[in-house]
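Working notes, beginning with the structure itself.
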Amino acid sequence: MVDGEWVFVSGTTGFNYSTMTIADGIVEQSEQCVKNIAAALELAGSCLEDIVRVRYILPVAAEFEQCWPVLRKYFGEIRPAATMISAGLSDPRMRIEIEVTAKKRGASL
């Protein structure tokens with residue numbers, strides 16, 4: 001969803017749309033979530049570096065620490081405002097959902 005200078009990417013899961021599969025592990029799902037988000041941002045004229053806010057939703061809060069290396073890889077330099085929420089997801093295979101807000105390239109903050 002693009003609204004002026006802002007891009008809102010709804011909760012994105014680790015579903016791999018090219019293979020129509022979802023990995024079992026939370027680390028693999030985290031990696032795929034970010035790839036899916038990057039693709040959505042690109043379509044909206046934005047990119048990962050433009051993210052200003054991220055929300056992580058996990059059914060099992062204790063698994064969040066396993067995601068940290070993946071999240072640092074993509075968001076470590078960007079350092080967006082972040083929140084982690086523990087809540088049920090719509091499919092029991094889903095171990096993480098990530099939602100982001102980004103500012104479109106060239107837009108001033």
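Just so we're on the same page: first chain in the structure tokens is A, next is B, and so on; residues restart at 1 for each chain, and ligands are numbered from 1 in the order they show up.
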Please run DSSP on the backbone and report, as an mmCIF file with C-alpha atoms, in the first residue's frame, all residues within chain A that come out as alpha helix (DSSP H).
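Result saved to result_31.cif:
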data_model
loop_
_atom_site.group_PDB
_atom_site.id
_atom_site.type_symbol
_atom_site.label_atom_id
_atom_site.label_comp_id
_atom_site.auth_asym_id
_atom_site.auth_seq_id
_atom_site.Cartn_x
_atom_site.Cartn_y
_atom_site.Cartn_z
ATOM 1 C CA ILE A 26 11.882 -20.051 11.775
ATOM 2 C CA VAL A 27 15.300 -18.946 10.497
ATOM 3 C CA GLU A 28 14.465 -19.947 6.925
ATOM 4 C CA GLN A 29 11.031 -18.368 7.227
ATOM 5 C CA SER A 30 12.580 -15.119 8.521
ATOM 6 C CA GLU A 31 14.916 -14.997 5.523
ATOM 7 C CA GLN A 32 12.015 -15.579 3.124
ATOM 8 C CA CYS A 33 9.895 -12.925 4.874
ATOM 9 C CA VAL A 34 12.564 -10.318 4.217
ATOM 10 C CA LYS A 35 12.914 -11.419 0.579
ATOM 11 C CA ASN A 36 9.135 -11.096 0.145
ATOM 12 C CA ILE A 37 9.175 -7.658 1.776
ATOM 13 C CA ALA A 38 12.059 -6.504 -0.433
ATOM 14 C CA ALA A 39 10.106 -7.552 -3.527
ATOM 15 C CA ALA A 40 6.987 -5.679 -2.358
ATOM 16 C CA LEU A 41 8.993 -2.556 -1.551
ATOM 17 C CA GLU A 42 10.650 -2.616 -4.953
ATOM 18 C CA LEU A 43 7.251 -2.703 -6.666
ATOM 19 C CA PHE A 64 12.574 -14.737 18.380
ATOM 20 C CA GLU A 65 16.216 -15.012 19.404
ATOM 21 C CA GLN A 66 16.799 -17.577 16.623
ATOM 22 C CA CYS A 67 15.836 -14.899 14.065
ATOM 23 C CA TRP A 68 18.329 -12.301 15.259
ATOM 24 C CA PRO A 69 21.194 -13.170 12.868
ATOM 25 C CA VAL A 70 18.865 -12.876 9.864
ATOM 26 C CA LEU A 71 17.272 -9.671 11.128
ATOM 27 C CA ARG A 72 20.673 -8.092 11.899
ATOM 28 C CA LYS A 73 21.841 -9.015 8.394
ATOM 29 C CA TYR A 74 19.040 -7.012 6.792
ATOM 30 C CA PHE A 75 18.099 -4.400 9.409
#
Original post:
To one decimal place, how far is atom CA of Arg79 of chain A from atom CA of Phe15 of chain A in Å?
Top reply: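 Separation between atom CA of Arg79 of chain A and atom CA of Phe15 of chain A: 24.6 Å.
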Original post:
So how far away is atom CA of Met20 of chain A from atom CA of Arg55 of chain A, in Å?
Top reply: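 Calculated distance between atom CA of Arg55 of chain A and atom CA of Met20 of chain A is 24.1 Å.
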Original post:
In Å to one decimal, how far is atom CA of Gly88 of chain A from atom CA of Ala61 of chain A?
Top reply: 10.5 Å
